[in-house]
>>> print(open('final_21.cif').read())   # mmCIF, C-alpha atoms (C1' of nucleotides)
data_coords
loop_
_atom_site.label_atom_id
_atom_site.label_comp_id
_atom_site.auth_asym_id
_atom_site.auth_seq_id
_atom_site.Cartn_x
_atom_site.Cartn_y
_atom_site.Cartn_z
CA MET Y 19 -19.67 18.59 -5.60
CA GLY Y 20 -21.39 15.37 -4.48
CA LYS Y 21 -20.46 11.91 -5.58
CA ILE Y 22 -16.96 11.10 -6.66
CA GLU Y 23 -18.26 9.88 -10.03
CA GLU Y 24 -19.45 13.38 -10.89
CA ALA Y 25 -16.44 15.10 -9.38
CA ILE Y 26 -13.95 13.39 -11.65
CA LYS Y 27 -16.42 12.55 -14.42
CA GLN Y 28 -15.82 8.83 -14.26
CA SER Y 29 -18.92 6.70 -14.48
CA GLU Y 30 -17.64 3.40 -13.10
CA PHE Y 31 -14.95 1.92 -10.92
CA LYS Y 32 -13.39 -1.50 -11.10
CA ASP Y 33 -14.35 -2.29 -7.54
CA SER Y 34 -15.06 -0.61 -4.22
CA TYR Y 35 -11.40 -0.74 -3.26
CA ASN Y 36 -10.43 1.25 -6.30
CA LYS Y 37 -13.27 3.67 -5.70
CA VAL Y 38 -12.18 4.25 -2.10
CA VAL Y 39 -8.62 4.93 -3.22
CA VAL Y 40 -9.72 7.48 -5.81
CA ASN Y 41 -12.19 9.03 -3.38
CA LEU Y 42 -9.51 9.38 -0.70
CA LEU Y 43 -7.01 10.94 -3.07
CA TYR Y 44 -9.62 13.35 -4.31
CA THR Y 45 -10.84 14.30 -0.83
CA HIS Y 46 -7.26 14.77 0.28
CA SER Y 47 -6.70 17.25 -2.52
CA TYR Y 48 -9.98 18.98 -1.62
CA LEU Y 49 -8.92 19.48 2.00
CA VAL Y 50 -5.31 20.43 1.35
CA GLY Y 51 -6.54 23.12 -1.00
CA PHE Y 52 -8.37 24.93 1.79
CA GLN Y 53 -5.55 24.51 4.28
CA THR Y 54 -3.11 25.95 1.77
CA ALA Y 55 -5.34 28.96 1.22
CA VAL Y 56 -5.41 29.75 4.94
CA LEU Y 57 -1.66 29.27 5.41
CA LYS Y 58 -0.49 31.05 2.29
CA PRO Y 59 -0.97 34.63 3.55
CA MET Y 60 1.37 33.70 6.41
CA ASP Y 61 3.92 32.26 3.97
CA LEU Y 62 3.58 28.79 5.39
CA SER Y 63 3.14 25.54 3.49
CA PRO Y 64 0.94 22.80 4.99
CA GLU Y 65 4.00 20.71 5.79
CA GLN Y 66 5.81 23.61 7.46
CA TYR Y 67 2.67 24.14 9.57
CA ASN Y 68 2.66 20.46 10.43
CA VAL Y 69 6.26 20.59 11.62
CA MET Y 70 5.47 23.58 13.81
CA ARG Y 71 2.56 21.78 15.43
CA ILE Y 72 4.78 18.78 16.11
CA LEU Y 73 7.31 21.06 17.82
CA ARG Y 74 4.63 22.77 19.89
CA GLY Y 75 3.46 19.30 20.96
CA GLN Y 76 6.89 18.80 22.53
CA GLN Y 77 5.98 21.43 25.12
CA GLY Y 78 9.40 22.95 25.49
CA LYS Y 79 11.38 19.77 24.98
CA PRO Y 80 13.58 19.82 21.86
CA ALA Y 81 12.95 17.33 19.07
CA THR Y 82 15.60 15.84 16.82
CA ILE Y 83 15.19 15.77 13.05
CA ALA Y 84 14.50 12.03 13.22
CA ALA Y 85 11.78 12.55 15.85
CA ILE Y 86 10.07 15.14 13.66
CA GLN Y 87 10.30 12.86 10.65
CA GLU Y 88 8.66 10.05 12.56
CA ARG Y 89 5.65 12.19 13.43
CA MET Y 90 5.19 13.75 10.04
CA LEU Y 91 2.22 12.89 7.90
CA ASN Y 92 4.38 12.26 4.86
CA THR Y 93 6.77 9.54 5.82
CA MET Y 94 10.29 9.48 4.42
CA SER Y 95 10.18 13.12 3.55
CA ASN Y 96 12.58 15.80 4.44
CA ALA Y 97 12.37 17.29 7.88
CA SER Y 98 15.88 18.68 7.58
CA ARG Y 99 15.05 21.10 4.79
CA LEU Y 100 11.66 22.03 6.23
CA VAL Y 101 13.38 23.01 9.48
CA ASP Y 102 15.81 25.07 7.40
CA LYS Y 103 12.97 27.07 5.90
CA LEU Y 104 11.31 27.62 9.27
CA LYS Y 105 14.59 28.68 10.84
CA ALA Y 106 15.08 31.27 8.11
CA LYS Y 107 11.77 32.80 9.22
CA ASP Y 108 12.72 32.63 12.92
CA LEU Y 109 9.84 30.28 13.61
CA VAL Y 110 12.10 27.54 14.98
CA LYS Y 111 15.63 27.36 16.30
CA ARG Y 112 18.15 24.60 15.78
CA GLU Y 113 20.99 23.78 18.14
CA GLU Y 114 23.64 21.10 18.17
CA CYS Y 115 22.71 18.51 20.75
CA PRO Y 116 25.42 18.74 23.43
CA GLU Y 117 25.61 15.05 24.46
CA ASN Y 118 25.60 13.73 20.90
CA ARG Y 119 26.97 15.98 18.24
CA ARG Y 120 25.33 13.99 15.45
CA LYS Y 121 21.92 15.06 16.69
CA VAL Y 122 20.23 18.42 16.36
CA ASP Y 123 17.82 19.91 18.87
CA VAL Y 124 14.96 21.74 17.22
CA LEU Y 125 12.64 24.03 19.18
CA ILE Y 126 9.75 26.27 18.25
CA THR Y 127 10.37 29.96 19.00
CA GLU Y 128 8.07 32.49 20.67
CA LYS Y 129 7.39 33.93 17.24
CA GLY Y 130 6.45 30.46 16.03
CA LEU Y 131 4.07 29.92 18.93
CA ARG Y 132 2.41 33.27 18.34
CA LEU Y 133 1.92 32.44 14.66
CA LEU Y 134 0.30 29.12 15.56
CA GLU Y 135 -2.06 30.87 17.96
CA LEU Y 136 -2.97 33.32 15.24
CA LEU Y 137 -3.67 30.56 12.72
CA GLU Y 138 -5.53 28.13 14.97
CA PRO Y 139 -8.96 29.80 14.96
CA GLU Y 140 -8.80 30.22 11.19
CA ILE Y 141 -7.99 26.57 10.67
CA VAL Y 142 -10.75 25.48 13.04
CA ALA Y 143 -13.20 27.71 11.18
CA ILE Y 144 -12.26 26.55 7.69
CA ASN Y 145 -12.42 22.90 8.75
CA LYS Y 146 -15.91 23.31 10.15
CA LYS Y 147 -16.96 25.14 7.03
CA VAL Y 148 -15.72 22.70 4.40
CA ILE Y 149 -16.22 19.36 6.17
CA HIS Y 150 -19.93 18.71 5.80
CA LEU Y 151 -20.23 16.02 8.46
CA GLU Y 152 -21.80 15.85 11.90
CA GLU Y 153 -19.97 14.77 15.02
CA ALA Y 154 -21.21 11.16 14.83
CA GLU Y 155 -20.13 10.90 11.20
CA LEU Y 156 -16.71 12.31 12.00
CA ILE Y 157 -16.21 9.65 14.64
CA LEU Y 158 -17.40 6.98 12.23
CA LEU Y 159 -15.06 8.23 9.52
CA ASN Y 160 -12.10 8.30 11.90
CA GLY Y 161 -12.86 4.72 12.89
CA LEU Y 162 -13.07 3.55 9.28
CA LEU Y 163 -9.79 5.21 8.35
CA ASP Y 164 -8.06 3.65 11.36
CA LYS Y 165 -9.46 0.24 10.43
CA LEU Y 166 -8.54 0.69 6.78
CA ARG Y 167 -4.86 0.84 7.69
CA GLY Y 168 -5.22 -2.27 9.83
CA MET U 22 -0.83 0.34 12.74
CA GLY U 23 -4.21 1.06 14.40
CA LYS U 24 -5.42 4.35 15.70
CA ILE U 25 -4.16 7.61 14.29
CA GLU U 26 -3.05 8.73 17.76
CA GLU U 27 -0.49 5.93 17.90
CA ALA U 28 0.52 6.28 14.27
CA ILE U 29 1.70 9.86 14.62
CA LYS U 30 2.30 9.74 18.39
CA GLN U 31 -0.09 12.53 19.18
CA SER U 32 -2.31 11.95 22.16
CA GLU U 33 -5.05 14.48 21.58
CA PHE U 34 -6.73 16.49 18.87
CA LYS U 35 -8.39 19.84 19.12
CA ASP U 36 -11.67 18.49 17.77
CA SER U 37 -13.04 15.74 15.53
CA TYR U 38 -12.66 17.95 12.46
CA ASN U 39 -8.97 18.33 13.05
CA LYS U 40 -8.63 14.63 13.76
CA VAL U 41 -10.38 13.72 10.51
CA VAL U 42 -8.09 16.02 8.54
CA VAL U 43 -4.96 14.51 10.06
CA ASN U 44 -6.34 10.99 9.64
CA LEU U 45 -7.12 11.61 5.98
CA LEU U 46 -3.71 13.07 5.24
CA TYR U 47 -2.04 10.17 6.98
CA THR U 48 -4.16 7.52 5.26
CA HIS U 49 -3.54 9.21 1.93
CA SER U 50 0.20 8.92 2.48
CA TYR U 51 -0.25 5.27 3.53
CA LEU U 52 -2.08 4.38 0.31
CA VAL U 53 0.07 6.38 -2.07
CA GLY U 54 3.12 4.62 -0.67
CA PHE U 55 1.85 1.23 -1.83
CA GLN U 56 0.71 2.51 -5.20
CA THR U 57 4.12 4.05 -5.77
CA ALA U 58 5.84 0.78 -4.95
CA VAL U 59 3.79 -1.10 -7.56
CA LEU U 60 4.27 1.55 -10.25
CA LYS U 61 7.93 2.25 -9.67
CA PRO U 62 9.32 -0.88 -11.41
CA MET U 63 7.44 0.29 -14.51
CA ASP U 64 8.90 3.79 -14.19
CA LEU U 65 5.52 5.36 -13.64
CA SER U 66 4.53 7.87 -10.99
CA PRO U 67 1.03 7.69 -9.49
CA GLU U 68 -0.01 10.83 -11.37
CA GLN U 69 1.32 9.53 -14.67
CA TYR U 70 -0.70 6.35 -14.08
CA ASN U 71 -3.75 8.46 -13.33
CA VAL U 72 -3.40 10.36 -16.61
CA MET U 73 -3.15 7.08 -18.51
CA ARG U 74 -6.34 5.76 -16.93
CA ILE U 75 -8.13 8.98 -17.83
CA LEU U 76 -7.02 8.56 -21.44
CA ARG U 77 -8.11 4.92 -21.54
CA GLY U 78 -11.49 6.04 -20.21
CA GLN U 79 -11.87 8.11 -23.39
CA GLN U 80 -12.19 4.88 -25.35
CA GLY U 81 -10.38 6.00 -28.45
CA LYS U 82 -11.54 9.60 -28.37
CA PRO U 83 -8.74 12.12 -27.89
CA ALA U 84 -8.67 14.33 -24.81
CA THR U 85 -7.33 17.86 -24.66
CA ILE U 86 -4.94 18.96 -21.93
CA ALA U 87 -7.76 20.90 -20.28
CA ALA U 88 -10.01 17.82 -20.27
CA ILE U 89 -7.30 15.75 -18.61
CA GLN U 90 -6.68 18.48 -16.05
CA GLU U 91 -10.36 18.56 -15.16
CA ARG U 92 -10.44 14.84 -14.41
CA MET U 93 -7.20 14.72 -12.47
CA LEU U 94 -7.17 14.05 -8.76
CA ASN U 95 -4.89 16.99 -8.09
CA THR U 96 -6.63 20.03 -9.40
CA MET U 97 -4.68 22.94 -10.88
CA SER U 98 -1.69 20.77 -11.50
CA ASN U 99 0.22 20.24 -14.65
CA ALA U 100 -1.21 17.91 -17.23
CA SER U 101 0.97 19.43 -19.92
CA ARG U 102 4.23 18.27 -18.41
CA LEU U 103 2.86 14.88 -17.35
CA VAL U 104 1.80 14.25 -20.95
CA ASP U 105 5.31 15.24 -22.01
CA LYS U 106 6.83 12.57 -19.81
CA LEU U 107 4.40 9.91 -21.01
CA LYS U 108 5.01 10.83 -24.63
CA ALA U 109 8.75 10.43 -24.13
CA LYS U 110 8.01 6.84 -23.11
CA ASP U 111 5.66 6.28 -26.07
CA LEU U 112 2.76 5.65 -23.71
CA VAL U 113 0.67 8.47 -25.18
CA LYS U 114 0.73 10.48 -28.38
CA ARG U 115 -0.01 14.16 -28.80
CA GLU U 116 -1.31 15.76 -31.97
CA GLU U 117 -2.31 19.27 -32.83
CA CYS U 118 -6.10 19.44 -33.00
CA PRO U 119 -6.93 20.18 -36.66
CA GLU U 120 -10.02 22.35 -36.18
CA ASN U 121 -8.49 24.46 -33.40
CA ARG U 122 -4.76 24.83 -33.37
CA ARG U 123 -4.69 26.03 -29.78
CA LYS U 124 -5.86 22.61 -28.62
CA VAL U 125 -3.92 19.40 -28.42
CA ASP U 126 -5.37 15.94 -28.91
CA VAL U 127 -3.88 13.41 -26.53
CA LEU U 128 -4.38 9.68 -27.00
CA ILE U 129 -3.12 6.59 -25.22
CA THR U 130 -0.98 4.31 -27.40
CA GLU U 131 -1.14 0.53 -27.78
CA LYS U 132 1.98 0.33 -25.64
CA GLY U 133 0.20 2.42 -23.01
CA LEU U 134 -2.84 0.17 -23.04
CA ARG U 135 -0.70 -2.93 -22.69
CA LEU U 136 1.11 -1.41 -19.73
CA LEU U 137 -2.19 -0.61 -18.03
CA GLU U 138 -3.38 -4.19 -18.55
CA LEU U 139 -0.17 -5.45 -17.05
CA LEU U 140 -0.48 -3.20 -14.00
CA GLU U 141 -4.19 -3.62 -13.32
CA PRO U 142 -4.10 -6.99 -11.53
CA GLU U 143 -1.19 -5.86 -9.39
CA ILE U 144 -3.03 -2.71 -8.34
CA VAL U 145 -6.19 -4.66 -7.58
CA ALA U 146 -4.18 -7.11 -5.49
CA ILE U 147 -2.29 -4.50 -3.50
CA ASN U 148 -5.49 -2.56 -2.80
CA LYS U 149 -7.22 -5.64 -1.43
CA LYS U 150 -4.17 -6.45 0.63
CA VAL U 151 -3.62 -3.10 2.32
CA ILE U 152 -7.22 -1.85 2.69
CA HIS U 153 -8.50 -3.74 5.69
CA LEU U 154 -12.19 -3.10 5.13
CA GLU U 155 -15.13 -5.25 4.06
CA GLU U 156 -17.43 -4.40 1.18
CA ALA U 157 -20.08 -2.80 3.41
CA GLU U 158 -17.45 -0.63 5.10
CA LEU U 159 -16.03 0.43 1.75
CA ILE U 160 -19.45 1.60 0.64
CA LEU U 161 -19.95 3.40 3.95
CA LEU U 162 -16.56 5.09 3.63
CA ASN U 163 -17.25 6.19 0.05
CA GLY U 164 -20.54 7.69 1.19
CA LEU U 165 -18.91 9.57 4.07
CA LEU U 166 -16.19 11.00 1.83
CA ASP U 167 -18.77 12.13 -0.73
CA LYS U 168 -20.81 13.76 2.01
CA LEU U 169 -17.73 15.37 3.57
CA ARG U 170 -17.17 17.39 0.41
CA GLY U 171 -20.80 18.43 0.39
"C1'" DT O 7 -10.37 44.66 -41.52
"C1'" DT O 8 -8.08 45.75 -37.44
"C1'" DT O 9 -7.78 45.44 -32.73
"C1'" DC O 10 -8.33 43.38 -28.53
"C1'" DA O 11 -10.04 40.10 -25.25
"C1'" DA O 12 -10.58 35.17 -24.33
"C1'" DT O 13 -8.99 30.59 -24.71
"C1'" DT O 14 -5.49 26.93 -24.61
"C1'" DG O 15 -1.38 25.31 -23.60
"C1'" DA O 16 3.56 25.88 -22.41
"C1'" DT O 17 6.92 27.60 -19.38
"C1'" DG O 18 9.16 29.58 -15.06
"C1'" DT O 19 9.74 29.44 -10.08
"C1'" DA O 20 9.21 27.98 -5.37
"C1'" DT O 21 7.93 24.25 -2.59
"C1'" DA O 22 7.69 19.52 -1.35
"C1'" DT O 23 8.27 14.38 -1.95
"C1'" DA O 24 10.94 10.11 -2.58
"C1'" DC O 25 15.03 8.12 -2.61
"C1'" DA O 26 20.06 7.56 -2.87
"C1'" DT O 27 24.28 9.16 -1.45
"C1'" DT O 28 27.51 11.70 1.45
"C1'" DT O 29 29.48 13.56 5.69
"C1'" DA O 30 30.23 13.69 10.49
"C1'" DT O 31 30.08 11.49 14.75
"C1'" DT O 32 29.70 7.66 17.79
"C1'" DG O 33 30.17 2.99 19.28
"C1'" DT O 34 32.33 -1.40 19.06
"C1'" DA O 35 35.12 -5.48 17.63
"C1'" DG O 36 39.62 -6.97 16.89
"C1'" DC T 23 44.16 2.15 19.78
"C1'" DT T 24 42.55 1.33 15.06
"C1'" DA T 25 39.32 0.03 11.80
"C1'" DC T 26 34.90 -0.38 10.68
"C1'" DA T 27 29.93 -0.54 11.22
"C1'" DA T 28 25.95 2.14 12.76
"C1'" DT T 29 23.60 6.36 13.43
"C1'" DA T 30 21.99 11.24 12.41
"C1'" DA T 31 21.60 14.68 9.50
"C1'" DA T 32 22.61 17.07 5.17
"C1'" DT T 33 22.75 17.08 0.32
"C1'" DG T 34 21.78 15.70 -4.61
"C1'" DT T 35 18.50 14.46 -8.16
"C1'" DA T 36 14.15 13.42 -10.33
"C1'" DT T 37 9.37 14.03 -9.93
"C1'" DA T 38 5.26 16.53 -8.92
"C1'" DT T 39 2.39 20.48 -7.13
"C1'" DA T 40 0.77 25.30 -7.02
"C1'" DC T 41 0.73 29.28 -9.01
"C1'" DA T 42 1.97 33.11 -12.11
"C1'" DT T 43 3.12 34.46 -16.47
"C1'" DC T 44 3.89 34.03 -21.37
"C1'" DA T 45 2.87 32.87 -26.25
"C1'" DA T 46 -0.05 31.41 -29.87
"C1'" DT T 47 -4.47 31.13 -31.75
"C1'" DT T 48 -9.15 32.27 -32.15
"C1'" DG T 49 -13.26 35.00 -32.12
"C1'" DA T 50 -15.77 39.04 -31.82
"C1'" DA T 51 -16.44 44.09 -31.58
"C1'" DA T 52 -15.40 48.61 -33.36
#
>>> encode(input="final_21.cif", output="structure tokens")
Amino acid sequence: MGKIEEAIKQSEFKDSYNKVVVNLLYTHSYLVGFQTAVLKPMDLSPEQYNVMRILRGQQGKPATIAAIQERMLNTMSNASRLVDKLKAKDLVKREECPENRRKVDVLITEKGLRLLELLEPEIVAINKKVIHLEEAELILLNGLLDKLRG
Amino acid sequence: MGKIEEAIKQSEFKDSYNKVVVNLLYTHSYLVGFQTAVLKPMDLSPEQYNVMRILRGQQGKPATIAAIQERMLNTMSNASRLVDKLKAKDLVKREECPENRRKVDVLITEKGLRLLELLEPEIVAINKKVIHLEEAELILLNGLLDKLRG
DNA sequence: TTTCAATTGATGTATATACATTTATTGTAG
DNA sequence: CTACAATAAATGTATATACATCAATTGAAA
């Protein structure tokens, strides 16, 4: 694979900003591809997986749709319909919030937790395999991305 | 904005690999949001814009659908339908390739080129504004992303 | 030459994103 | 209390992705 110029067969970029944007979009697509491949046999999309991890992070406490939305990687998306899909597979449950009937309490089920446990080692393995960076570089990269966003 | 932990309200990550993946996905969404905002008034999606830049890069030579696909940031996507949309707006033209009727020659139009020229300074400006990195950091980041993919 | 595989693109379907709009519920000002 | 604004989620629509499949054309082997 190597340099972004070879990857997308573009010899020059307007400036380093533009090059970083293109490089990030391309690397994003590279990573999501592997994640999708691991999740697909379990009939999960990357975003459904993300929602499940958010719910597990609640450690038993329910999360509202708005709370899930806020933690999602793709802002302004559609937690409501993702929860629908997960509920249809019995991976989450959704209950009307008793003290405020506008809200909805969403919880991960036992089945959902078991699926996450099953997937975790695979995800860890694929990440290690396809991310060709050492620990120090990972930390550096995380720092740069944090700084990028200000 | 700051650290990824605050951004998505997650206090810990399994390992640095996982953190880099989440950070990349989140930063991707951050950047695409701004790009979309600039392109939207012109009725262009980020991927349509990408296809137009690929065609401009051909410098007058036509590109087949397969050639466009190969250079796109999202692999395995759908250049055929994106070209359709752009053609409907007269931003590209599509002609049957004379020496091989399976192929299609796609070219950017004058109108397309003018639109790109109009958008370019806006894109450059927004990139500079929302990417809070200096030149040396941009180069470092590009290098890390290239190395990540191996 | 005829047949069949390979190539190229178009199309179909499910999923997800990005927004706008709608519905239901709650809270509050008059 | 009533009317209306604010909140929370659901729904509608257009766009795009990720694949699978289909159709047309080409090229090559029998």
>>> closest_atom_pairs(input="final_21.cif", of="segment 41-143 of chain U", to="segment 25-49 of chain T", cutoff="10 Å", atoms="all atoms listed in the file", output="Markdown table")
| residue | atom | partner | partner_atom | distance |
| --- | --- | --- | --- | --- |
| U:Ser66 | CA | T:DT37 | C1' | 7.9 |
| U:Pro67 | CA | T:DA38 | C1' | 9.8 |
| U:Glu68 | CA | T:DA38 | C1' | 8.1 |
| U:Gln69 | CA | T:DA38 | C1' | 9.9 |
| U:Asn95 | CA | T:DT39 | C1' | 8.1 |
| U:Thr96 | CA | T:DT39 | C1' | 9.3 |
| U:Met97 | CA | T:DA40 | C1' | 7.1 |
| U:Ser98 | CA | T:DT39 | C1' | 6.0 |
| U:Asn99 | CA | T:DT39 | C1' | 7.8 |
| U:Arg102 | CA | T:DA38 | C1' | 9.7 |
| U:Leu103 | CA | T:DA38 | C1' | 8.9 |
| U:Asn121 | CA | T:DT48 | C1' | 7.9 |
| U:Arg122 | CA | T:DT47 | C1' | 6.5 |
| U:Arg123 | CA | T:DT47 | C1' | 5.5 |
| U:Lys124 | CA | T:DT47 | C1' | 9.2 |
>>> write_last_selection(input="final_21.cif", atoms="C-alpha atoms", output="tab-separated table (two decimals), in the frame of the given file")
chain	number	residue	atom	x	y	z
U	66	SER	CA	4.53	7.87	-10.99
U	67	PRO	CA	1.03	7.69	-9.49
U	68	GLU	CA	-0.01	10.83	-11.37
U	69	GLN	CA	1.32	9.53	-14.67
U	95	ASN	CA	-4.89	16.99	-8.09
U	96	THR	CA	-6.63	20.03	-9.40
U	97	MET	CA	-4.68	22.94	-10.88
U	98	SER	CA	-1.69	20.77	-11.50
U	99	ASN	CA	0.22	20.24	-14.65
U	102	ARG	CA	4.23	18.27	-18.41
U	103	LEU	CA	2.86	14.88	-17.35
U	121	ASN	CA	-8.49	24.46	-33.40
U	122	ARG	CA	-4.76	24.83	-33.37
U	123	ARG	CA	-4.69	26.03	-29.78
U	124	LYS	CA	-5.86	22.61	-28.62
>>> resolve_selection(input="final_21.cif", expression="the PyMOL selection byres ((chain Y) within 8 of (chain U))", output="PDB file with C-alpha atoms, keeping the file's coordinate frame")
ATOM      1  CA  MET Y  19     -19.670  18.590  -5.600  1.00  0.00           C
ATOM      2  CA  GLY Y  20     -21.390  15.370  -4.480  1.00  0.00           C
ATOM      3  CA  LYS Y  21     -20.460  11.910  -5.580  1.00  0.00           C
ATOM      4  CA  ILE Y  22     -16.960  11.100  -6.660  1.00  0.00           C
ATOM      5  CA  ALA Y  25     -16.440  15.100  -9.380  1.00  0.00           C
ATOM      6  CA  ILE Y  26     -13.950  13.390 -11.650  1.00  0.00           C
ATOM      7  CA  LYS Y  27     -16.420  12.550 -14.420  1.00  0.00           C
ATOM      8  CA  GLN Y  28     -15.820   8.830 -14.260  1.00  0.00           C
ATOM      9  CA  SER Y  34     -15.060  -0.610  -4.220  1.00  0.00           C
ATOM     10  CA  TYR Y  35     -11.400  -0.740  -3.260  1.00  0.00           C
ATOM     11  CA  ASN Y  36     -10.430   1.250  -6.300  1.00  0.00           C
ATOM     12  CA  LYS Y  37     -13.270   3.670  -5.700  1.00  0.00           C
ATOM     13  CA  VAL Y  38     -12.180   4.250  -2.100  1.00  0.00           C
ATOM     14  CA  VAL Y  39      -8.620   4.930  -3.220  1.00  0.00           C
ATOM     15  CA  VAL Y  40      -9.720   7.480  -5.810  1.00  0.00           C
ATOM     16  CA  ASN Y  41     -12.190   9.030  -3.380  1.00  0.00           C
ATOM     17  CA  LEU Y  42      -9.510   9.380  -0.700  1.00  0.00           C
ATOM     18  CA  LEU Y  43      -7.010  10.940  -3.070  1.00  0.00           C
ATOM     19  CA  TYR Y  44      -9.620  13.350  -4.310  1.00  0.00           C
ATOM     20  CA  THR Y  45     -10.840  14.300  -0.830  1.00  0.00           C
ATOM     21  CA  HIS Y  46      -7.260  14.770   0.280  1.00  0.00           C
ATOM     22  CA  SER Y  47      -6.700  17.250  -2.520  1.00  0.00           C
ATOM     23  CA  TYR Y  48      -9.980  18.980  -1.620  1.00  0.00           C
ATOM     24  CA  LEU Y  49      -8.920  19.480   2.000  1.00  0.00           C
ATOM     25  CA  GLY Y  75       3.460  19.300  20.960  1.00  0.00           C
ATOM     26  CA  GLU Y  88       8.660  10.050  12.560  1.00  0.00           C
ATOM     27  CA  ARG Y  89       5.650  12.190  13.430  1.00  0.00           C
ATOM     28  CA  MET Y  90       5.190  13.750  10.040  1.00  0.00           C
ATOM     29  CA  LEU Y  91       2.220  12.890   7.900  1.00  0.00           C
ATOM     30  CA  ASN Y  92       4.380  12.260   4.860  1.00  0.00           C
ATOM     31  CA  THR Y  93       6.770   9.540   5.820  1.00  0.00           C
ATOM     32  CA  VAL Y 142     -10.750  25.480  13.040  1.00  0.00           C
ATOM     33  CA  ASN Y 145     -12.420  22.900   8.750  1.00  0.00           C
ATOM     34  CA  LYS Y 146     -15.910  23.310  10.150  1.00  0.00           C
ATOM     35  CA  VAL Y 148     -15.720  22.700   4.400  1.00  0.00           C
ATOM     36  CA  ILE Y 149     -16.220  19.360   6.170  1.00  0.00           C
ATOM     37  CA  HIS Y 150     -19.930  18.710   5.800  1.00  0.00           C
ATOM     38  CA  LEU Y 151     -20.230  16.020   8.460  1.00  0.00           C
ATOM     39  CA  GLU Y 153     -19.970  14.770  15.020  1.00  0.00           C
ATOM     40  CA  GLU Y 155     -20.130  10.900  11.200  1.00  0.00           C
ATOM     41  CA  LEU Y 156     -16.710  12.310  12.000  1.00  0.00           C
ATOM     42  CA  ILE Y 157     -16.210   9.650  14.640  1.00  0.00           C
ATOM     43  CA  LEU Y 159     -15.060   8.230   9.520  1.00  0.00           C
ATOM     44  CA  ASN Y 160     -12.100   8.300  11.900  1.00  0.00           C
ATOM     45  CA  GLY Y 161     -12.860   4.720  12.890  1.00  0.00           C
ATOM     46  CA  LEU Y 162     -13.070   3.550   9.280  1.00  0.00           C
ATOM     47  CA  LEU Y 163      -9.790   5.210   8.350  1.00  0.00           C
ATOM     48  CA  ASP Y 164      -8.060   3.650  11.360  1.00  0.00           C
ATOM     49  CA  LYS Y 165      -9.460   0.240  10.430  1.00  0.00           C
ATOM     50  CA  LEU Y 166      -8.540   0.690   6.780  1.00  0.00           C
ATOM     51  CA  ARG Y 167      -4.860   0.840   7.690  1.00  0.00           C
ATOM     52  CA  GLY Y 168      -5.220  -2.270   9.830  1.00  0.00           C
TER      53      GLY Y 168
END
>>> resolve_selection(input="final_21.cif", expression="the PyMOL selection byres ((chain O) within 9 of (chain Y))", output="JSON, numbers by chain")
{"O": [21, 22, 23, 24, 25, 30, 31, 32]}
>>> atom_distance(input="final_21.cif", atom1="atom CA of Glu116 of chain U", atom2="atom C1' of DT19 of chain O")
28.1 Å
>>> atom_distance(input="final_21.cif", atom1="atom CA of Gly78 of chain Y", atom2="atom CA of Glu128 of chain Y")
10.8 Å
>>> closest_residue(input="final_21.cif", among="U:Met63, U:Cys118, U:Ala84, U:Ala100", to="Leu137 of chain U", atoms="only C-alpha atoms")
U:Met63
>>> axis_aligned_box(input="final_21.cif", around="segment 72-85 of chain U", padding_each_side="3 Å", output="lines of an AutoDock Vina configuration file")
center_x = -7.7
center_y = 11.4
center_z = -22.5
size_x = 15.0
size_y = 19.0
size_z = 17.8
>>> closest_residue(input="final_21.cif", among="U:Leu76, U:Glu120, U:Lys82, U:Lys150", to="Leu134 of chain U", atoms="all atoms listed in the file")
U:Leu76
>>> atom_distance(input="final_21.cif", atom1="atom CA of Ala109 of chain U", atom2="atom CA of Gln80 of chain U")
21.7 Å
>>> residues_around(input="final_21.cif", residues="DA50 of chain T", least_positions_apart="3", cutoff="12 Å", atoms="all atoms listed in the file", output="PyMOL selection string")
chain O and resi 8-12
>>> residues_near_point(input="final_21.cif", point="(6.7, 32.0, 15.5)", cutoff="9 Å", atoms="all atoms listed in the file", output="PyMOL selection string")
chain Y and resi 70+104+107-110+126-134
